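Asks: Starting off with a structure, shown below.
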Amino acid sequence: DQQVKQNSPSLSVQEGRISILNCDYTNSMFDYFLWYKKYPAEGPTFLISISSIKDKNEDGRFTVFLNKSAKHLSLHIVPSQPGDSAVYFCAASAEGGGADGLTFGKGTHLIIQP
Amino acid sequence: DTGVSQDPRHKITKRGQNVTFRCDPISEHNRLYWYRQTLGQGPEFLTYFQNEAQLEKSRLLSDRFSAERPKGSFSTLEIQRTEQGDSAMYLCASSQSVPNYGYTFGSGTRLTVV
């Protein structure tokens, strides 16, 4: 039973355009959501997060949108750059994040084409 | 501070052998987490320490797995009587106390059981 779903295993976007990565969740107890970026042979790197009391959080080229009623969040990267090519994981936390840790999706491999 | 360090980076072992991995977190972080990632999946939570106390264990952590953090600094994860299904990337992460959900991950230990 996958509680965090990333239904697109891969996404190809042209350099300079917008990349939109999607994530759906099923557990209503999740109250904090995070995006991680992972390069090969490295651990995941924290990118951006959002609390369930907000619907948008922005940090430079990265914006995360949360639609609680649809149990859906998305990560927008604009403009996309070659260095953004990586696997992106959506993760969720319930009640503080410490108990049970984070629940991750399977990831979306983003490929930025020149 | 060089971030979260994990040792070894790679480990090949024969089925039935015991293995031990080490994680050195960021020095001011008092929370430490272990995750496991298999091919095509996101990281899965295994266990979590607050200082030296192990506060949460996933049902994924069978009796063959044990983790310690004896002095609240580095941690070890031991797998006894390894099985081929244990082959995975074992990731360690650390964070400060609540609230900080932006865990810092290490580069992981890749275990191959032959």
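Numbering starts fresh at 1 for the residues of each chain in the structure tokens, the chains themselves are lettered A, B, ... in the order given, and ligands are numbered from 1 as they appear.
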Residues of chain A near chain B: apply a cut-off of 12 Å, count only C-alpha atoms, and supply the list as an mmCIF file with N, CA and C atoms, in the first residue's frame.
Replies:
data_model
loop_
_atom_site.group_PDB
_atom_site.id
_atom_site.type_symbol
_atom_site.label_atom_id
_atom_site.label_comp_id
_atom_site.auth_asym_id
_atom_site.auth_seq_id
_atom_site.Cartn_x
_atom_site.Cartn_y
_atom_site.Cartn_z
ATOM 1 N N GLN A 2 0.981 1.888 -1.173
ATOM 2 C CA GLN A 2 1.875 3.021 -1.292
ATOM 3 C C GLN A 2 1.151 4.277 -0.862
ATOM 4 N N GLN A 3 1.652 4.920 0.168
ATOM 5 C CA GLN A 3 0.980 6.103 0.686
ATOM 6 C C GLN A 3 1.405 7.374 -0.026
ATOM 7 N N VAL A 4 2.556 7.354 -0.669
ATOM 8 C CA VAL A 4 3.046 8.500 -1.439
ATOM 9 C C VAL A 4 3.347 7.991 -2.844
ATOM 10 N N LYS A 5 2.715 8.589 -3.829
ATOM 11 C CA LYS A 5 2.833 8.069 -5.191
ATOM 12 C C LYS A 5 3.370 9.125 -6.135
ATOM 13 N N GLN A 6 4.390 8.748 -6.887
ATOM 14 C CA GLN A 6 4.882 9.577 -7.961
ATOM 15 C C GLN A 6 4.688 8.748 -9.218
ATOM 16 N N PRO A 9 7.610 7.932 -13.779
ATOM 17 C CA PRO A 9 8.979 7.486 -13.473
ATOM 18 C C PRO A 9 10.021 8.422 -14.067
ATOM 19 N N SER A 10 9.671 9.063 -15.193
ATOM 20 C CA SER A 10 10.642 9.974 -15.798
ATOM 21 C C SER A 10 9.921 11.127 -16.482
ATOM 22 N N ASP A 31 1.168 15.792 7.485
ATOM 23 C CA ASP A 31 1.014 17.225 7.714
ATOM 24 C C ASP A 31 2.232 18.025 7.268
ATOM 25 N N TYR A 32 3.211 17.337 6.694
ATOM 26 C CA TYR A 32 4.405 18.044 6.226
ATOM 27 C C TYR A 32 4.926 17.295 5.024
ATOM 28 N N PHE A 33 5.328 18.049 4.009
ATOM 29 C CA PHE A 33 5.725 17.435 2.746
ATOM 30 C C PHE A 33 7.063 18.020 2.307
ATOM 31 N N LEU A 34 7.883 17.158 1.716
ATOM 32 C CA LEU A 34 9.230 17.574 1.352
ATOM 33 C C LEU A 34 9.569 17.047 -0.036
ATOM 34 N N TRP A 35 10.460 17.751 -0.695
ATOM 35 C CA TRP A 35 11.048 17.264 -1.938
ATOM 36 C C TRP A 35 12.546 17.110 -1.744
ATOM 37 N N TYR A 36 13.058 15.973 -2.231
ATOM 38 C CA TYR A 36 14.479 15.700 -2.201
ATOM 39 C C TYR A 36 14.954 15.457 -3.629
ATOM 40 N N LYS A 37 16.205 15.784 -3.836
ATOM 41 C CA LYS A 37 16.840 15.600 -5.141
ATOM 42 C C LYS A 37 17.989 14.631 -4.937
ATOM 43 N N LYS A 38 18.165 13.706 -5.894
ATOM 44 C CA LYS A 38 19.233 12.721 -5.717
ATOM 45 C C LYS A 38 20.000 12.526 -7.012
ATOM 46 N N TYR A 39 21.320 12.721 -6.897
ATOM 47 C CA TYR A 39 22.222 12.394 -7.995
ATOM 48 C C TYR A 39 22.731 10.970 -7.790
ATOM 49 N N PRO A 40 23.177 10.310 -8.865
ATOM 50 C CA PRO A 40 23.728 8.954 -8.733
ATOM 51 C C PRO A 40 24.879 8.913 -7.734
ATOM 52 N N ALA A 41 24.933 7.862 -6.955
ATOM 53 C CA ALA A 41 26.024 7.606 -6.002
ATOM 54 C C ALA A 41 26.069 8.627 -4.861
ATOM 55 N N GLU A 42 25.011 9.412 -4.702
ATOM 56 C CA GLU A 42 24.939 10.329 -3.576
ATOM 57 C C GLU A 42 23.643 10.099 -2.814
ATOM 58 N N GLY A 43 23.614 10.564 -1.557
ATOM 59 C CA GLY A 43 22.367 10.510 -0.818
ATOM 60 C C GLY A 43 21.423 11.601 -1.264
ATOM 61 N N PRO A 44 20.134 11.481 -0.940
ATOM 62 C CA PRO A 44 19.175 12.526 -1.297
ATOM 63 C C PRO A 44 19.531 13.848 -0.620
ATOM 64 N N THR A 45 19.266 14.935 -1.310
ATOM 65 C CA THR A 45 19.515 16.282 -0.788
ATOM 66 C C THR A 45 18.189 17.005 -0.632
ATOM 67 N N PHE A 46 17.966 17.566 0.540
ATOM 68 C CA PHE A 46 16.729 18.298 0.798
ATOM 69 C C PHE A 46 16.626 19.510 -0.109
ATOM 70 N N LEU A 47 15.442 19.698 -0.693
ATOM 71 C CA LEU A 47 15.231 20.791 -1.643
ATOM 72 C C LEU A 47 14.285 21.855 -1.086
ATOM 73 N N ILE A 48 13.089 21.458 -0.758
ATOM 74 C CA ILE A 48 12.071 22.398 -0.313
ATOM 75 C C ILE A 48 10.989 21.622 0.417
ATOM 76 N N SER A 49 10.283 22.306 1.310
ATOM 77 C CA SER A 49 9.221 21.629 2.055
ATOM 78 C C SER A 49 8.014 22.547 2.166
ATOM 79 N N ILE A 50 6.894 21.974 2.613
ATOM 80 C CA ILE A 50 5.685 22.754 2.832
ATOM 81 C C ILE A 50 4.878 22.126 3.943
ATOM 82 N N SER A 51 4.350 22.963 4.802
ATOM 83 C CA SER A 51 3.468 22.517 5.861
ATOM 84 C C SER A 51 2.043 22.442 5.333
ATOM 85 N N VAL A 87 17.098 12.519 -9.898
ATOM 86 C CA VAL A 87 15.863 11.867 -9.456
ATOM 87 C C VAL A 87 15.279 12.696 -8.318
ATOM 88 N N TYR A 88 13.999 12.999 -8.406
ATOM 89 C CA TYR A 88 13.320 13.806 -7.401
ATOM 90 C C TYR A 88 12.343 12.933 -6.625
ATOM 91 N N PHE A 89 12.488 12.970 -5.306
ATOM 92 C CA PHE A 89 11.609 12.206 -4.425
ATOM 93 C C PHE A 89 10.687 13.146 -3.667
ATOM 94 N N CYS A 90 9.442 12.790 -3.644
ATOM 95 C CA CYS A 90 8.451 13.427 -2.794
ATOM 96 C C CYS A 90 8.399 12.633 -1.490
ATOM 97 N N ALA A 91 8.301 13.316 -0.361
ATOM 98 C CA ALA A 91 8.242 12.623 0.926
ATOM 99 C C ALA A 91 7.213 13.300 1.816
ATOM 100 N N ALA A 92 6.645 12.545 2.745
ATOM 101 C CA ALA A 92 5.620 13.082 3.631
ATOM 102 C C ALA A 92 5.862 12.615 5.052
ATOM 103 N N SER A 93 5.382 13.427 5.980
ATOM 104 C CA SER A 93 5.569 13.146 7.396
ATOM 105 C C SER A 93 4.255 13.379 8.133
ATOM 106 N N ALA A 94 4.008 12.566 9.173
ATOM 107 C CA ALA A 94 2.811 12.719 10.001
ATOM 108 C C ALA A 94 3.228 13.040 11.420
ATOM 109 N N GLU A 95 2.635 14.031 12.008
ATOM 110 C CA GLU A 95 2.801 14.333 13.427
ATOM 111 C C GLU A 95 4.245 14.468 13.850
ATOM 112 N N GLY A 96 4.942 15.313 13.221
ATOM 113 C CA GLY A 96 6.254 15.675 13.742
ATOM 114 C C GLY A 96 7.445 15.101 13.010
ATOM 115 N N GLY A 97 7.268 14.116 12.204
ATOM 116 C CA GLY A 97 8.379 13.637 11.396
ATOM 117 C C GLY A 97 9.329 12.689 12.088
ATOM 118 N N GLY A 98 9.434 12.724 13.382
ATOM 119 C CA GLY A 98 10.373 11.843 14.062
ATOM 120 C C GLY A 98 9.839 10.437 14.132
ATOM 121 N N ALA A 99 8.603 10.292 14.597
ATOM 122 C CA ALA A 99 8.001 8.963 14.666
ATOM 123 C C ALA A 99 7.715 8.478 13.260
ATOM 124 N N ASP A 100 8.133 7.272 12.959
ATOM 125 C CA ASP A 100 7.926 6.646 11.656
ATOM 126 C C ASP A 100 8.705 7.295 10.528
ATOM 127 N N GLY A 101 9.448 8.316 10.824
ATOM 128 C CA GLY A 101 10.277 8.910 9.789
ATOM 129 C C GLY A 101 9.474 9.486 8.645
ATOM 130 N N LEU A 102 10.097 9.545 7.487
ATOM 131 C CA LEU A 102 9.461 10.063 6.290
ATOM 132 C C LEU A 102 9.010 8.907 5.415
ATOM 133 N N THR A 103 7.886 9.126 4.710
ATOM 134 C CA THR A 103 7.417 8.165 3.714
ATOM 135 C C THR A 103 7.708 8.748 2.344
ATOM 136 N N PHE A 104 8.491 8.024 1.549
ATOM 137 C CA PHE A 104 8.935 8.523 0.255
ATOM 138 C C PHE A 104 8.135 7.896 -0.879
ATOM 139 N N GLY A 105 8.012 8.648 -1.975
ATOM 140 C CA GLY A 105 7.552 8.079 -3.225
ATOM 141 C C GLY A 105 8.701 7.368 -3.929
ATOM 142 N N LYS A 106 8.404 6.803 -5.098
ATOM 143 C CA LYS A 106 9.429 6.036 -5.816
ATOM 144 C C LYS A 106 10.376 6.917 -6.617
ATOM 145 N N GLY A 107 10.020 8.179 -6.770
ATOM 146 C CA GLY A 107 10.910 9.093 -7.470
ATOM 147 C C GLY A 107 10.523 9.308 -8.923
ATOM 148 N N THR A 108 10.905 10.476 -9.426
ATOM 149 C CA THR A 108 10.756 10.830 -10.842
ATOM 150 C C THR A 108 12.121 11.254 -11.351
ATOM 151 N N HIS A 109 12.556 10.622 -12.426
ATOM 152 C CA HIS A 109 13.847 10.972 -13.015
ATOM 153 C C HIS A 109 13.631 12.136 -13.983
#
Asks: Work out how far CA of Asp1 in chain A is from CA of Thr26 in chain A, in Å to one decimal.
Replies: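 Atom-to-atom, CA of Thr26 in chain A and CA of Asp1 in chain A are spaced 9.5 Å apart.
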Asks: Just checking: using only C-alpha atoms, which residue out of A:Ser85, A:Asn57, A:Gln14, A:Asn22 ends up closest to His72 in chain A?
Replies: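 Of A:Ser85, A:Asn57, A:Gln14, A:Asn22, the one nearest His72 in chain A is A:Asn22, counting only C-alpha atoms.
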Asks: Pick out the residues sitting within 10 Å of Val78 in chain A, and hand them over as an mmCIF file with N, CA and C atoms, in the first residue's frame; count only C-alpha atoms, and ignore anything fewer than 6 positions along from it in its own chain.
Replies:
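Listed below is the output, part20.cif:
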data_model
loop_
_atom_site.group_PDB
_atom_site.id
_atom_site.type_symbol
_atom_site.label_atom_id
_atom_site.label_comp_id
_atom_site.auth_asym_id
_atom_site.auth_seq_id
_atom_site.Cartn_x
_atom_site.Cartn_y
_atom_site.Cartn_z
ATOM 1 N N GLU A 15 15.762 22.692 -21.558
ATOM 2 C CA GLU A 15 16.435 23.714 -20.750
ATOM 3 C C GLU A 15 15.722 25.054 -20.914
ATOM 4 N N GLY A 16 15.509 25.732 -19.800
ATOM 5 C CA GLY A 16 14.860 27.036 -19.825
ATOM 6 C C GLY A 16 13.352 26.983 -19.637
ATOM 7 N N ARG A 17 12.764 25.789 -19.861
ATOM 8 C CA ARG A 17 11.306 25.660 -19.689
ATOM 9 C C ARG A 17 10.989 25.287 -18.247
ATOM 10 N N ILE A 18 9.705 25.179 -17.955
ATOM 11 C CA ILE A 18 9.268 24.810 -16.612
ATOM 12 C C ILE A 18 9.195 23.295 -16.471
ATOM 13 N N SER A 19 9.697 22.796 -15.359
ATOM 14 C CA SER A 19 9.551 21.379 -15.012
ATOM 15 C C SER A 19 8.488 21.288 -13.920
ATOM 16 N N ILE A 20 7.533 20.379 -14.110
ATOM 17 C CA ILE A 20 6.495 20.171 -13.099
ATOM 18 C C ILE A 20 6.492 18.705 -12.704
ATOM 19 N N GLY A 60 13.587 30.518 -4.524
ATOM 20 C CA GLY A 60 14.333 30.704 -5.764
ATOM 21 C C GLY A 60 13.585 30.140 -6.958
ATOM 22 N N ARG A 61 14.214 29.229 -7.687
ATOM 23 C CA ARG A 61 13.583 28.657 -8.877
ATOM 24 C C ARG A 61 12.581 27.558 -8.538
ATOM 25 N N PHE A 62 12.492 27.195 -7.280
ATOM 26 C CA PHE A 62 11.665 26.057 -6.863
ATOM 27 C C PHE A 62 10.420 26.534 -6.105
ATOM 28 N N THR A 63 9.276 26.035 -6.515
ATOM 29 C CA THR A 63 8.024 26.320 -5.835
ATOM 30 C C THR A 63 7.278 25.013 -5.623
#
Asks: Could you check the closest approach to Ser94 in chain B for each of B:Ser73, B:Ser66, B:Thr112, B:Thr20 and tell me which residue wins, using only C-alpha atoms?
Replies: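 So, comparing all the options, the nearest one is B:Ser73.
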Asks: Taking only chain B into account, list the residues labelled strand (DSSP E) by DSSP (computed from the backbone), as a compact mmCIF listing (two decimals) with N, CA and C atoms, in the first residue's frame.
Replies:
# COMPACT_ATOMS: atom_id res chain seq x y z
N SER B 5 28.66 11.11 7.32
CA SER B 5 29.60 10.17 6.72
C SER B 5 29.14 8.74 6.96
N GLN B 6 29.26 7.92 5.95
CA GLN B 6 28.91 6.51 6.10
C GLN B 6 30.07 5.64 5.64
N ASP B 7 30.26 4.55 6.35
CA ASP B 7 31.38 3.67 6.04
C ASP B 7 30.95 2.21 6.27
N HIS B 10 30.75 0.61 0.01
CA HIS B 10 30.27 -0.61 -0.64
C HIS B 10 30.66 -1.81 0.21
N LYS B 11 29.78 -2.83 0.21
CA LYS B 11 30.08 -4.05 0.96
C LYS B 11 29.47 -5.21 0.20
N ILE B 12 30.32 -6.18 -0.13
CA ILE B 12 29.85 -7.42 -0.74
C ILE B 12 30.07 -8.52 0.28
N THR B 13 29.03 -9.29 0.57
CA THR B 13 29.15 -10.33 1.57
C THR B 13 28.44 -11.58 1.11
N VAL B 19 27.13 -8.33 8.85
CA VAL B 19 27.77 -7.10 8.40
C VAL B 19 27.40 -5.97 9.35
N THR B 20 28.29 -4.99 9.44
CA THR B 20 28.04 -3.81 10.28
C THR B 20 28.42 -2.57 9.51
N PHE B 21 27.53 -1.59 9.55
CA PHE B 21 27.77 -0.30 8.89
C PHE B 21 27.86 0.78 9.96
N ARG B 22 28.60 1.82 9.61
CA ARG B 22 28.77 2.92 10.56
C ARG B 22 28.27 4.22 9.94
N CYS B 23 27.70 5.06 10.79
CA CYS B 23 27.27 6.39 10.37
C CYS B 23 27.75 7.43 11.37
N ASP B 24 28.39 8.47 10.85
CA ASP B 24 28.78 9.63 11.67
C ASP B 24 27.92 10.81 11.25
N ARG B 31 19.38 14.01 16.22
CA ARG B 31 18.53 12.95 15.68
C ARG B 31 19.27 12.22 14.58
N LEU B 32 19.13 10.91 14.55
CA LEU B 32 19.79 10.09 13.55
C LEU B 32 18.82 9.04 13.04
N TYR B 33 18.80 8.85 11.73
CA TYR B 33 17.84 7.96 11.10
C TYR B 33 18.58 6.96 10.20
N TRP B 34 18.01 5.78 10.07
CA TRP B 34 18.47 4.81 9.08
C TRP B 34 17.32 4.52 8.12
N TYR B 35 17.67 4.54 6.84
CA TYR B 35 16.72 4.22 5.78
C TYR B 35 17.35 3.15 4.89
N ARG B 36 16.51 2.45 4.15
CA ARG B 36 16.98 1.47 3.18
C ARG B 36 16.33 1.80 1.84
N GLN B 37 17.12 1.71 0.76
CA GLN B 37 16.58 1.99 -0.56
C GLN B 37 16.96 0.87 -1.50
N GLU B 44 13.16 3.82 2.45
CA GLU B 44 12.17 3.32 3.42
C GLU B 44 12.75 3.45 4.82
N PHE B 45 11.97 4.01 5.71
CA PHE B 45 12.39 4.26 7.09
C PHE B 45 12.63 2.94 7.81
N LEU B 46 13.76 2.87 8.53
CA LEU B 46 14.07 1.69 9.34
C LEU B 46 13.99 2.00 10.83
N THR B 47 14.71 3.03 11.27
CA THR B 47 14.75 3.32 12.69
C THR B 47 15.27 4.74 12.92
N TYR B 48 15.09 5.23 14.16
CA TYR B 48 15.42 6.61 14.46
C TYR B 48 15.89 6.73 15.91
N PHE B 49 16.91 7.54 16.12
CA PHE B 49 17.45 7.80 17.45
C PHE B 49 17.31 9.28 17.80
N GLN B 50 16.99 9.55 19.03
CA GLN B 50 17.10 10.89 19.60
C GLN B 50 18.21 10.76 20.63
N ALA B 53 18.93 7.29 22.51
CA ALA B 53 17.71 6.49 22.66
C ALA B 53 17.10 6.15 21.30
N GLN B 54 16.86 4.86 21.09
CA GLN B 54 16.20 4.41 19.86
C GLN B 54 14.70 4.55 20.09
N LEU B 55 14.07 5.50 19.41
CA LEU B 55 12.69 5.84 19.72
C LEU B 55 11.67 5.19 18.80
N GLU B 56 12.08 4.75 17.65
CA GLU B 56 11.11 4.20 16.73
C GLU B 56 11.78 3.16 15.84
N LYS B 57 11.07 2.08 15.58
CA LYS B 57 11.59 1.03 14.68
C LYS B 57 10.48 0.62 13.73
N PHE B 65 18.19 -7.43 12.34
CA PHE B 65 18.75 -6.08 12.26
C PHE B 65 18.83 -5.49 13.67
N SER B 66 19.96 -4.84 13.95
CA SER B 66 20.05 -4.10 15.21
C SER B 66 20.84 -2.82 14.97
N ALA B 67 20.40 -1.77 15.61
CA ALA B 67 21.07 -0.48 15.48
C ALA B 67 21.38 0.05 16.86
N GLU B 68 22.51 0.73 16.95
CA GLU B 68 22.92 1.32 18.22
C GLU B 68 23.47 2.72 17.99
N SER B 75 26.55 6.03 14.89
CA SER B 75 25.62 4.91 15.01
C SER B 75 26.13 3.73 14.18
N THR B 76 25.76 2.54 14.58
CA THR B 76 26.05 1.34 13.79
C THR B 76 24.76 0.60 13.48
N LEU B 77 24.73 0.00 12.32
CA LEU B 77 23.61 -0.85 11.91
C LEU B 77 24.19 -2.21 11.58
N GLU B 78 23.76 -3.23 12.29
CA GLU B 78 24.26 -4.58 12.07
C GLU B 78 23.15 -5.46 11.48
N ILE B 79 23.54 -6.23 10.49
CA ILE B 79 22.62 -7.22 9.93
C ILE B 79 23.24 -8.60 10.16
N ALA B 88 20.75 -3.82 -0.78
CA ALA B 88 20.12 -2.51 -0.88
C ALA B 88 21.14 -1.44 -0.58
N MET B 89 20.72 -0.20 -0.73
CA MET B 89 21.51 0.95 -0.26
C MET B 89 20.99 1.30 1.13
N TYR B 90 21.88 1.38 2.09
CA TYR B 90 21.50 1.74 3.45
C TYR B 90 21.94 3.19 3.69
N LEU B 91 20.95 4.03 3.93
CA LEU B 91 21.18 5.46 4.07
C LEU B 91 21.03 5.89 5.51
N CYS B 92 21.93 6.74 5.94
CA CYS B 92 21.84 7.35 7.26
C CYS B 92 21.55 8.83 7.07
N ALA B 93 20.78 9.40 7.96
CA ALA B 93 20.49 10.83 7.90
C ALA B 93 20.50 11.38 9.32
N SER B 94 20.73 12.68 9.43
CA SER B 94 20.67 13.30 10.75
C SER B 94 19.95 14.64 10.64
N SER B 95 19.46 15.11 11.77
CA SER B 95 18.78 16.39 11.81
C SER B 95 18.86 16.95 13.22
N THR B 104 19.66 15.70 6.63
CA THR B 104 20.86 15.62 5.81
C THR B 104 21.24 14.15 5.68
N PHE B 105 21.24 13.67 4.46
CA PHE B 105 21.57 12.27 4.22
C PHE B 105 23.06 12.09 3.94
N THR B 109 25.60 3.24 2.18
CA THR B 109 26.41 2.03 2.05
C THR B 109 25.63 1.07 1.17
N ARG B 110 26.25 0.69 0.05
CA ARG B 110 25.58 -0.27 -0.85
C ARG B 110 25.99 -1.68 -0.45
N LEU B 111 24.99 -2.46 -0.04
CA LEU B 111 25.24 -3.84 0.36
C LEU B 111 24.79 -4.79 -0.74
N THR B 112 25.69 -5.69 -1.11
CA THR B 112 25.35 -6.76 -2.05
C THR B 112 25.58 -8.09 -1.36
N VAL B 113 24.54 -8.89 -1.29
CA VAL B 113 24.63 -10.21 -0.66
C VAL B 113 24.63 -11.26 -1.77
Asks: Rounded to one decimal in Å, what is the spacing between CA of Val64 in chain A and CA of Gly3 in chain B?
Replies: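 Value for the CA of Val64 in chain A-CA of Gly3 in chain B distance: 25.8 Å.
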Asks: Between CA of Gln80 in chain B and CA of Pro8 in chain B, measure the distance and give it in Å to one decimal.
Replies: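 So the answer is 16.8 Å.
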Asks: Give the answer as one residue: which of A:Val13, A:Ile112, A:Asn7, A:Asn27 has the shortest atom-to-atom distance to Pro82 in chain A, using only C-alpha atoms?
Replies: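 Closest candidate: A:Ile112.
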